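Enquirer: Structure below; questions to follow.
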Amino acid sequence: MRVDVNKNVILEEVLVELDQKINYSLSETLYEEREDLKQDIVVKLIEAVNKMEVVSLSTFQDRYENKD
Amino acid sequence: MRENKTFYEEPLIQSFFNIPKNKDLLLKKINHLDDDAAQELDVRFAIFFLKVRMTSYTNKLTRHYSKEFDKKRRIQRYQLQLDKPVEEESEHLVSKIDSNEPDVTDIFSRDIYDILPTIQMKQIFNQLSFEKKLILHYFTFHDLNNKEIAKEMSCSPQNVSKLKKNALKDLKGAEKNESRRK
């Protein structure tokens, strides 16, 4: 079954939840370069999310069971 | 029937149905053949699964990309003013981070497998027992402590502690051999 979800909304939620973790990973970078690094990370994330397939429960289960 | 049992034992699926609303919808779908419930479940799972993958990828990225970024910037900063091209490193760790989708049917092992940085560690991980893999999964992605993992797995916390310690030790052993070789 095909489903329609807004991936960007989900990504926003994830970014908010993981914000502290992301900021922590920036701490070893020079202060003036942190903003750039964060932007790079977000861009990479958006690229990856665009490629992510939307998989419904029924599709997932079908694939799982047909695998064996 | 047997396939169904394994499916619902998958940690990803268990996490999803641990959410009470999802469990309710499943019961409606199975017991009352409720199509609306089935459709809602499809959507809710799609969102859940996307979120799991996004979180996993974000964690991977923040762990590895900052190091690559720093390396690049350091090279740029110290580059001579002469028109010399900077040699691109052939093996960027970040290029090994696979943003392609893992086999969705193997999500249980793939999520830890994907974030291991070296081939050696991936090989060692593949050889770990089912219990050890499951413990690492709960520990990493659900942030459960030993007591909570023991409850999920119906074993003692001491056993979880032992298995977790051994699994991490094995993986660290792979990392040490890797750095010794370098």
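Just so we're on the same page: first chain in the structure tokens is A, next is B, and so on; residues restart at 1 for each chain, and ligands are numbered from 1 in the order they show up.
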Taking the backbone alone, and naming residues the way the document does, which bits of chain A are helix (DSSP H, G or I) by DSSP, as a CSV table (one decimal) with all heavy atoms, in the first residue's frame?

Expert:
chain,number,residue,atom,x,y,z
A,7,LYS,N,8.5,13.9,4.5
A,7,LYS,CA,9.8,13.5,5.1
A,7,LYS,C,10.5,14.7,5.8
A,7,LYS,O,11.2,14.5,6.7
A,7,LYS,CB,10.7,12.9,4.0
A,7,LYS,CG,10.3,11.5,3.5
A,7,LYS,CD,11.4,10.9,2.7
A,7,LYS,CE,11.2,11.2,1.2
A,7,LYS,NZ,12.1,10.4,0.4
A,8,ASN,N,10.2,15.9,5.2
A,8,ASN,CA,10.9,17.0,5.8
A,8,ASN,C,10.5,17.3,7.2
A,8,ASN,O,11.3,17.7,8.1
A,8,ASN,CB,10.7,18.2,4.9
A,8,ASN,CG,11.5,18.1,3.6
A,8,ASN,OD1,12.5,17.5,3.6
A,8,ASN,ND2,10.9,18.6,2.5
A,9,VAL,N,9.2,17.1,7.4
A,9,VAL,CA,8.7,17.3,8.8
A,9,VAL,C,9.3,16.4,9.8
A,9,VAL,O,9.8,16.7,10.9
A,9,VAL,CB,7.1,17.1,8.8
A,9,VAL,CG1,6.6,17.0,10.2
A,9,VAL,CG2,6.4,18.3,8.1
A,10,ILE,N,9.5,15.1,9.3
A,10,ILE,CA,10.1,14.1,10.2
A,10,ILE,C,11.6,14.5,10.4
A,10,ILE,O,12.1,14.4,11.6
A,10,ILE,CB,10.0,12.7,9.6
A,10,ILE,CG1,8.6,12.4,9.3
A,10,ILE,CG2,10.7,11.7,10.5
A,10,ILE,CD1,8.4,11.1,8.5
A,11,LEU,N,12.3,14.9,9.4
A,11,LEU,CA,13.7,15.3,9.5
A,11,LEU,C,13.8,16.5,10.5
A,11,LEU,O,14.7,16.5,11.3
A,11,LEU,CB,14.3,15.7,8.1
A,11,LEU,CG,15.7,16.1,8.2
A,11,LEU,CD1,16.6,15.1,8.8
A,11,LEU,CD2,16.2,16.5,6.8
A,12,GLU,N,12.9,17.4,10.4
A,12,GLU,CA,13.0,18.5,11.4
A,12,GLU,C,12.9,18.1,12.8
A,12,GLU,O,13.6,18.5,13.6
A,12,GLU,CB,11.8,19.5,11.1
A,12,GLU,CG,12.1,20.8,10.4
A,12,GLU,CD,10.9,21.7,10.3
A,12,GLU,OE1,10.6,22.3,11.3
A,12,GLU,OE2,10.4,21.8,9.2
A,13,GLU,N,12.0,17.1,13.0
A,13,GLU,CA,11.8,16.5,14.4
A,13,GLU,C,13.1,15.9,14.8
A,13,GLU,O,13.6,16.1,16.0
A,13,GLU,CB,10.8,15.4,14.4
A,13,GLU,CG,9.4,15.9,14.7
A,13,GLU,CD,8.4,14.7,14.7
A,13,GLU,OE1,8.7,13.7,15.3
A,13,GLU,OE2,7.3,14.9,14.1
A,14,VAL,N,13.7,15.1,13.9
A,14,VAL,CA,15.0,14.4,14.3
A,14,VAL,C,16.1,15.4,14.6
A,14,VAL,O,16.8,15.3,15.5
A,14,VAL,CB,15.4,13.5,13.1
A,14,VAL,CG1,16.8,13.0,13.3
A,14,VAL,CG2,14.4,12.3,13.0
A,15,LEU,N,16.1,16.5,13.8
A,15,LEU,CA,17.2,17.5,14.0
A,15,LEU,C,17.0,18.2,15.3
A,15,LEU,O,18.0,18.5,16.0
A,15,LEU,CB,17.2,18.5,12.9
A,15,LEU,CG,17.8,18.0,11.5
A,15,LEU,CD1,17.6,19.0,10.4
A,15,LEU,CD2,19.2,17.7,11.7
A,16,VAL,N,15.8,18.5,15.7
A,16,VAL,CA,15.5,19.1,17.0
A,16,VAL,C,16.0,18.1,18.1
A,16,VAL,O,16.7,18.5,19.1
A,16,VAL,CB,14.0,19.5,17.1
A,16,VAL,CG1,13.7,19.8,18.6
A,16,VAL,CG2,13.7,20.7,16.3
A,17,GLU,N,15.6,16.9,18.0
A,17,GLU,CA,15.9,15.9,19.1
A,17,GLU,C,17.4,15.7,19.2
A,17,GLU,O,17.9,15.5,20.3
A,17,GLU,CB,15.2,14.6,18.8
A,17,GLU,CG,13.7,14.6,19.1
A,17,GLU,CD,13.0,13.3,18.6
A,17,GLU,OE1,13.7,12.3,18.5
A,17,GLU,OE2,11.8,13.4,18.4
A,19,ASP,N,19.8,17.8,18.3
A,19,ASP,CA,20.5,19.0,18.2
A,19,ASP,C,21.7,19.0,19.1
A,19,ASP,O,22.8,19.4,18.7
A,19,ASP,CB,19.6,20.2,18.5
A,19,ASP,CG,20.3,21.5,18.1
A,19,ASP,OD1,20.7,21.6,17.0
A,19,ASP,OD2,20.3,22.4,19.0
A,20,GLN,N,21.5,18.6,20.4
A,20,GLN,CA,22.6,18.6,21.3
A,20,GLN,C,23.7,17.7,20.9
A,20,GLN,O,24.9,18.0,21.0
A,20,GLN,CB,22.1,18.2,22.7
A,20,GLN,CG,22.3,19.2,23.8
A,20,GLN,CD,21.9,18.8,25.1
A,20,GLN,OE1,21.0,17.9,25.3
A,20,GLN,NE2,22.4,19.4,26.1
A,21,LYS,N,23.4,16.6,20.4
A,21,LYS,CA,24.4,15.6,19.9
A,21,LYS,C,25.2,16.2,18.8
A,21,LYS,O,26.4,16.0,18.7
A,21,LYS,CB,23.6,14.3,19.5
A,21,LYS,CG,24.5,13.1,19.6
A,21,LYS,CD,23.7,11.8,19.6
A,21,LYS,CE,24.4,10.6,20.1
A,21,LYS,NZ,23.6,9.5,20.2
A,22,ILE,N,24.5,16.8,17.9
A,22,ILE,CA,25.2,17.4,16.7
A,22,ILE,C,26.1,18.5,17.2
A,22,ILE,O,27.3,18.6,16.8
A,22,ILE,CB,24.1,18.0,15.7
A,22,ILE,CG1,23.3,16.9,15.1
A,22,ILE,CG2,24.9,18.7,14.6
A,22,ILE,CD1,22.2,17.3,14.2
A,23,ASN,N,25.6,19.3,18.1
A,23,ASN,CA,26.5,20.4,18.6
A,23,ASN,C,27.7,19.9,19.3
A,23,ASN,O,28.8,20.4,19.2
A,23,ASN,CB,25.7,21.3,19.6
A,23,ASN,CG,24.7,22.2,18.8
A,23,ASN,OD1,24.9,22.5,17.6
A,23,ASN,ND2,23.7,22.6,19.5
A,24,TYR,N,27.5,18.8,20.0
A,24,TYR,CA,28.7,18.2,20.7
A,24,TYR,C,29.7,17.7,19.7
A,24,TYR,O,30.9,17.9,19.9
A,24,TYR,CB,28.2,17.0,21.5
A,24,TYR,CG,29.3,16.3,22.2
A,24,TYR,CD1,29.9,16.9,23.4
A,24,TYR,CD2,29.8,15.1,21.8
A,24,TYR,CE1,31.0,16.2,24.0
A,24,TYR,CE2,30.9,14.4,22.4
A,24,TYR,CZ,31.4,15.0,23.5
A,24,TYR,OH,32.5,14.4,24.2
A,25,SER,N,29.3,17.2,18.5
A,25,SER,CA,30.2,16.7,17.5
A,25,SER,C,31.0,17.9,16.9
A,25,SER,O,32.0,17.7,16.3
A,25,SER,CB,29.5,15.9,16.5
A,25,SER,OG,28.9,16.8,15.6
A,26,LEU,N,30.4,19.1,17.1
A,26,LEU,CA,31.1,20.3,16.5
A,26,LEU,C,32.2,20.8,17.4
A,26,LEU,O,33.0,21.6,17.1
A,26,LEU,CB,30.1,21.4,16.3
A,26,LEU,CG,28.9,21.2,15.4
A,26,LEU,CD1,28.0,22.4,15.4
A,26,LEU,CD2,29.3,20.8,14.0
A,31,TYR,N,36.0,27.3,16.4
A,31,TYR,CA,34.8,28.0,16.6
A,31,TYR,C,34.2,28.6,15.3
A,31,TYR,O,33.0,28.5,15.0
A,31,TYR,CB,35.0,29.1,17.7
A,31,TYR,CG,33.8,29.8,18.0
A,31,TYR,CD1,32.8,29.3,18.9
A,31,TYR,CD2,33.6,31.1,17.5
A,31,TYR,CE1,31.7,30.0,19.2
A,31,TYR,CE2,32.4,31.8,17.8
A,31,TYR,CZ,31.5,31.3,18.6
A,31,TYR,OH,30.3,32.0,18.9
A,32,GLU,N,35.1,29.3,14.6
A,32,GLU,CA,34.6,30.0,13.4
A,32,GLU,C,34.1,29.1,12.3
A,32,GLU,O,33.5,29.5,11.3
A,32,GLU,CB,35.7,31.0,12.8
A,32,GLU,CG,37.0,30.3,12.6
A,32,GLU,CD,38.0,30.5,13.8
A,32,GLU,OE1,37.5,30.7,14.9
A,32,GLU,OE2,39.2,30.5,13.6
A,33,GLU,N,34.5,27.8,12.4
A,33,GLU,CA,34.1,26.8,11.3
A,33,GLU,C,32.9,26.0,11.7
A,33,GLU,O,32.4,25.2,10.9
A,33,GLU,CB,35.3,25.9,11.0
A,33,GLU,CG,36.3,26.7,10.2
A,33,GLU,CD,37.6,25.9,10.0
A,33,GLU,OE1,37.7,24.8,10.6
A,33,GLU,OE2,38.5,26.4,9.4
A,34,ARG,N,32.4,26.1,12.9
A,34,ARG,CA,31.3,25.3,13.4
A,34,ARG,C,30.0,25.4,12.6
A,34,ARG,O,29.4,24.4,12.3
A,34,ARG,CB,31.1,25.5,14.9
A,34,ARG,CG,32.1,24.8,15.7
A,34,ARG,CD,31.9,25.0,17.2
A,34,ARG,NE,33.1,24.8,17.9
A,34,ARG,CZ,33.3,25.0,19.2
A,34,ARG,NH1,32.3,25.5,19.9
A,34,ARG,NH2,34.5,24.8,19.7
A,35,GLU,N,29.7,26.7,12.3
A,35,GLU,CA,28.5,26.9,11.5
A,35,GLU,C,28.5,26.2,10.2
A,35,GLU,O,27.6,25.6,9.7
A,35,GLU,CB,28.3,28.4,11.4
A,35,GLU,CG,26.9,28.8,11.0
A,35,GLU,CD,25.8,28.3,11.9
A,35,GLU,OE1,26.0,28.4,13.2
A,35,GLU,OE2,24.8,27.8,11.4
A,36,ASP,N,29.7,26.3,9.5
A,36,ASP,CA,29.9,25.7,8.2
A,36,ASP,C,29.7,24.2,8.3
A,36,ASP,O,29.1,23.6,7.5
A,36,ASP,CB,31.3,26.0,7.7
A,36,ASP,CG,31.4,27.3,7.1
A,36,ASP,OD1,30.4,28.0,6.9
A,36,ASP,OD2,32.6,27.7,6.7
A,37,LEU,N,30.3,23.6,9.3
A,37,LEU,CA,30.3,22.2,9.5
A,37,LEU,C,28.8,21.7,9.7
A,37,LEU,O,28.3,20.8,9.1
A,37,LEU,CB,31.1,21.8,10.7
A,37,LEU,CG,31.0,20.3,11.1
A,37,LEU,CD1,31.3,19.3,10.0
A,37,LEU,CD2,32.0,20.0,12.2
A,38,LYS,N,28.1,22.5,10.5
A,38,LYS,CA,26.7,22.1,10.8
A,38,LYS,C,25.9,22.2,9.5
A,38,LYS,O,25.1,21.3,9.3
A,38,LYS,CB,26.1,23.1,11.9
A,38,LYS,CG,24.8,22.5,12.4
A,38,LYS,CD,24.4,23.3,13.7
A,38,LYS,CE,23.2,22.7,14.3
A,38,LYS,NZ,22.8,23.4,15.5
A,39,GLN,N,26.1,23.2,8.7
A,39,GLN,CA,25.4,23.3,7.5
A,39,GLN,C,25.7,22.1,6.6
A,39,GLN,O,24.8,21.6,5.9
A,39,GLN,CB,25.8,24.6,6.8
A,39,GLN,CG,25.0,25.8,7.4
A,39,GLN,CD,25.4,27.1,6.6
A,39,GLN,OE1,25.8,27.1,5.5
A,39,GLN,NE2,25.2,28.2,7.3
A,40,ASP,N,27.0,21.8,6.5
A,40,ASP,CA,27.4,20.6,5.7
A,40,ASP,C,26.7,19.4,6.1
A,40,ASP,O,26.2,18.6,5.3
A,40,ASP,CB,28.9,20.4,5.9
A,40,ASP,CG,29.7,21.2,4.9
A,40,ASP,OD1,29.2,22.1,4.3
A,40,ASP,OD2,30.9,20.9,4.7
A,41,ILE,N,26.6,19.2,7.4
A,41,ILE,CA,25.9,18.0,7.9
A,41,ILE,C,24.5,18.0,7.6
A,41,ILE,O,23.9,17.0,7.1
A,41,ILE,CB,26.1,17.9,9.5
A,41,ILE,CG1,27.5,17.6,9.8
A,41,ILE,CG2,25.2,16.8,10.1
A,41,ILE,CD1,27.8,17.5,11.3
A,42,VAL,N,23.8,19.1,7.7
A,42,VAL,CA,22.4,19.2,7.4
A,42,VAL,C,22.2,19.0,5.9
A,42,VAL,O,21.2,18.2,5.5
A,42,VAL,CB,21.8,20.6,7.9
A,42,VAL,CG1,20.4,20.7,7.4
A,42,VAL,CG2,21.9,20.7,9.4
A,43,VAL,N,23.0,19.5,5.1
A,43,VAL,CA,22.9,19.3,3.6
A,43,VAL,C,23.0,17.8,3.3
A,43,VAL,O,22.2,17.3,2.5
A,43,VAL,CB,23.9,20.1,2.8
A,43,VAL,CG1,24.1,19.6,1.4
A,43,VAL,CG2,23.6,21.6,2.9
A,44,LYS,N,24.0,17.2,3.9
A,44,LYS,CA,24.2,15.8,3.6
A,44,LYS,C,23.0,15.0,4.1
A,44,LYS,O,22.6,14.0,3.4
A,44,LYS,CB,25.4,15.2,4.4
A,44,LYS,CG,26.7,15.4,3.6
A,44,LYS,CD,27.7,14.3,4.0
A,44,LYS,CE,28.8,14.2,3.0
A,44,LYS,NZ,28.4,13.8,1.7
A,45,LEU,N,22.4,15.4,5.2
A,45,LEU,CA,21.2,14.7,5.7
A,45,LEU,C,20.1,14.8,4.7
A,45,LEU,O,19.4,13.9,4.5
A,45,LEU,CB,20.8,15.3,7.0
A,45,LEU,CG,21.4,14.7,8.3
A,45,LEU,CD1,21.1,15.6,9.5
A,45,LEU,CD2,21.0,13.3,8.5
A,46,ILE,N,19.9,16.1,4.3
A,46,ILE,CA,18.8,16.3,3.4
A,46,ILE,C,18.9,15.5,2.1
A,46,ILE,O,18.0,14.9,1.6
A,46,ILE,CB,18.6,17.8,3.0
A,46,ILE,CG1,18.2,18.5,4.3
A,46,ILE,CG2,17.6,18.0,1.9
A,46,ILE,CD1,18.2,20.0,4.1
A,47,GLU,N,20.2,15.4,1.6
A,47,GLU,CA,20.4,14.5,0.4
A,47,GLU,C,20.0,13.1,0.7
A,47,GLU,O,19.4,12.4,-0.2
A,47,GLU,CB,21.9,14.6,0.0
A,47,GLU,CG,22.3,15.9,-0.7
A,47,GLU,CD,23.8,16.0,-0.8
A,47,GLU,OE1,24.6,15.1,-0.4
A,47,GLU,OE2,24.2,17.1,-1.3
A,48,ALA,N,20.5,12.6,1.8
A,48,ALA,CA,20.2,11.2,2.2
A,48,ALA,C,18.7,11.0,2.3
A,48,ALA,O,18.1,10.0,1.9
A,48,ALA,CB,20.9,10.8,3.4
A,49,VAL,N,18.0,11.9,3.0
A,49,VAL,CA,16.6,11.8,3.3
A,49,VAL,C,15.8,11.8,2.0
A,49,VAL,O,14.8,11.0,1.8
A,49,VAL,CB,16.1,12.9,4.2
A,49,VAL,CG1,14.6,13.0,4.2
A,49,VAL,CG2,16.6,12.6,5.6
A,50,ASN,N,16.2,12.6,1.0
A,50,ASN,CA,15.5,12.6,-0.3
A,50,ASN,C,15.5,11.2,-0.9
A,50,ASN,O,14.6,10.8,-1.7
A,50,ASN,CB,16.2,13.6,-1.2
A,50,ASN,CG,15.7,15.0,-1.0
A,50,ASN,OD1,14.6,15.2,-0.4
A,50,ASN,ND2,16.5,16.0,-1.3
A,51,LYS,N,16.6,10.5,-0.7
A,51,LYS,CA,16.7,9.1,-1.3
A,51,LYS,C,16.0,8.1,-0.5
A,51,LYS,O,15.8,7.0,-1.0
A,51,LYS,CB,18.2,8.7,-1.4
A,51,LYS,CG,19.1,9.5,-2.3
A,51,LYS,CD,20.4,8.9,-2.4
A,51,LYS,CE,21.5,9.9,-2.6
A,51,LYS,NZ,22.9,9.4,-2.2
A,57,LEU,N,3.9,-0.4,6.6
A,57,LEU,CA,4.0,-1.6,7.3
A,57,LEU,C,3.7,-2.8,6.5
A,57,LEU,O,4.4,-3.8,6.5
A,57,LEU,CB,3.0,-1.6,8.5
A,57,LEU,CG,3.1,-2.8,9.4
A,57,LEU,CD1,4.4,-2.9,10.1
A,57,LEU,CD2,2.0,-2.7,10.5
A,58,SER,N,2.7,-2.7,5.6
A,58,SER,CA,2.3,-3.9,4.8
A,58,SER,C,3.4,-4.2,3.8
A,58,SER,O,3.8,-5.4,3.6
A,58,SER,CB,1.0,-3.7,4.1
A,58,SER,OG,0.8,-2.4,3.8
A,59,THR,N,4.0,-3.2,3.2
A,59,THR,CA,5.1,-3.4,2.3
A,59,THR,C,6.3,-4.0,3.0
A,59,THR,O,6.9,-5.0,2.5
A,59,THR,CB,5.6,-2.1,1.6
A,59,THR,OG1,4.4,-1.4,1.1
A,59,THR,CG2,6.6,-2.3,0.5
A,60,PHE,N,6.6,-3.5,4.1
A,60,PHE,CA,7.8,-4.0,4.9
A,60,PHE,C,7.5,-5.5,5.3
A,60,PHE,O,8.4,-6.3,5.1
A,60,PHE,CB,7.9,-3.2,6.2
A,60,PHE,CG,9.1,-3.5,7.0
A,60,PHE,CD1,10.3,-2.8,6.8
A,60,PHE,CD2,9.1,-4.5,8.0
A,60,PHE,CE1,11.4,-3.1,7.5
A,60,PHE,CE2,10.2,-4.8,8.7
A,60,PHE,CZ,11.4,-4.1,8.5
A,61,GLN,N,6.3,-5.8,5.7
A,61,GLN,CA,6.1,-7.1,6.1
A,61,GLN,C,6.1,-8.1,4.9
A,61,GLN,O,6.7,-9.2,5.0
A,61,GLN,CB,4.7,-7.2,6.7
A,61,GLN,CG,4.4,-8.6,7.4
A,61,GLN,CD,3.3,-8.6,8.4
A,61,GLN,OE1,2.6,-7.6,8.5
A,61,GLN,NE2,3.1,-9.7,9.1
A,62,ASP,N,5.6,-7.6,3.7
A,62,ASP,CA,5.6,-8.5,2.5
A,62,ASP,C,7.1,-8.8,2.1
A,62,ASP,O,7.4,-9.9,1.9
A,62,ASP,CB,5.0,-7.7,1.3
A,62,ASP,CG,3.5,-7.8,1.4
A,62,ASP,OD1,3.0,-8.7,2.1
A,62,ASP,OD2,2.9,-6.9,0.7
A,63,ARG,N,7.9,-7.7,2.1
A,63,ARG,CA,9.3,-7.9,1.8
A,63,ARG,C,10.0,-8.9,2.7
A,63,ARG,O,10.8,-9.7,2.4
A,63,ARG,CB,10.0,-6.6,1.7
A,63,ARG,CG,9.6,-5.7,0.6
A,63,ARG,CD,10.4,-4.5,0.6
A,63,ARG,NE,9.9,-3.5,-0.4
A,63,ARG,CZ,10.4,-2.3,-0.5
A,63,ARG,NH1,11.3,-1.8,0.3
A,63,ARG,NH2,9.9,-1.5,-1.4
A,64,TYR,N,9.7,-8.7,4.0
A,64,TYR,CA,10.3,-9.5,5.0
A,64,TYR,C,10.0,-10.9,4.9
A,64,TYR,O,10.8,-11.8,4.9
A,64,TYR,CB,9.9,-9.0,6.4
A,64,TYR,CG,10.5,-9.7,7.6
A,64,TYR,CD1,11.7,-9.3,8.1
A,64,TYR,CD2,9.9,-10.9,8.1
A,64,TYR,CE1,12.3,-9.9,9.1
A,64,TYR,CE2,10.5,-11.5,9.2
A,64,TYR,CZ,11.7,-11.0,9.7
A,64,TYR,OH,12.3,-11.7,10.7
A,65,GLU,N,8.7,-11.2,4.6
A,65,GLU,CA,8.3,-12.6,4.5
A,65,GLU,C,8.7,-13.2,3.2
A,65,GLU,O,9.0,-14.4,3.1
A,65,GLU,CB,6.8,-12.7,4.7
A,65,GLU,CG,6.4,-12.6,6.2
A,65,GLU,CD,5.0,-12.2,6.4
A,65,GLU,OE1,4.2,-12.1,5.4
A,65,GLU,OE2,4.6,-12.0,7.6
A,66,ASN,N,8.8,-12.4,2.1
A,66,ASN,CA,9.2,-13.0,0.8
A,66,ASN,C,10.7,-13.1,0.7
A,66,ASN,O,11.2,-13.8,-0.2
A,66,ASN,CB,8.7,-12.1,-0.3
A,66,ASN,CG,7.2,-12.1,-0.4
A,66,ASN,OD1,6.6,-13.2,-0.1
A,66,ASN,ND2,6.6,-11.1,-0.8
A,67,LYS,N,11.4,-12.6,1.7
A,67,LYS,CA,12.9,-12.7,1.6
A,67,LYS,C,13.3,-14.1,1.8
A,67,LYS,O,14.1,-14.6,1.1
A,67,LYS,CB,13.5,-11.8,2.7
A,67,LYS,CG,15.0,-11.8,2.6
A,67,LYS,CD,15.6,-11.5,4.0
A,67,LYS,CE,17.1,-11.5,3.9
A,67,LYS,NZ,17.8,-11.6,5.2

Enquirer: Excluding range 124-136 of chain B and any residue of its chain fewer than 5 positions from it, enumerate the residues within 8 Å of it, using only C-alpha atoms, and give them as a list in words.

Expert: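 That gives Pro11, Ser109, Ile112, Tyr113, Ile149, Val160, Leu163, Lys164, Ala167, Asp170, Leu171 and Ala174 of chain B.
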
Enquirer: So that I can check the surroundings of Ser56 in chain A, please list as an mmCIF file with C-alpha atoms, in the first residue's frame every protein, DNA and RNA residue that reaches within 6 Å of it, counting only C-alpha atoms and ignoring chain neighbours fewer than 6 positions away.

Expert:
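Output below, filename part-v2.cif:
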data_model
loop_
_atom_site.group_PDB
_atom_site.id
_atom_site.type_symbol
_atom_site.label_atom_id
_atom_site.label_comp_id
_atom_site.auth_asym_id
_atom_site.auth_seq_id
_atom_site.Cartn_x
_atom_site.Cartn_y
_atom_site.Cartn_z
ATOM 1 C CA ASP B 42 0.767 1.748 7.373
ATOM 2 C CA PHE B 45 4.937 2.742 10.547
ATOM 3 C CA ALA B 46 6.223 4.628 7.499
#

Enquirer: So how many Å separate CA of His64 in chain B and CA of Ile119 in chain B, to one decimal?

Expert: 15.3 Å

Enquirer: Measuring atom to atom with only C-alpha atoms, identify which of B:Met121, B:Leu12, B:His137, B:Lys162 is nearest to Leu50 in chain B.

Expert: B:Leu12
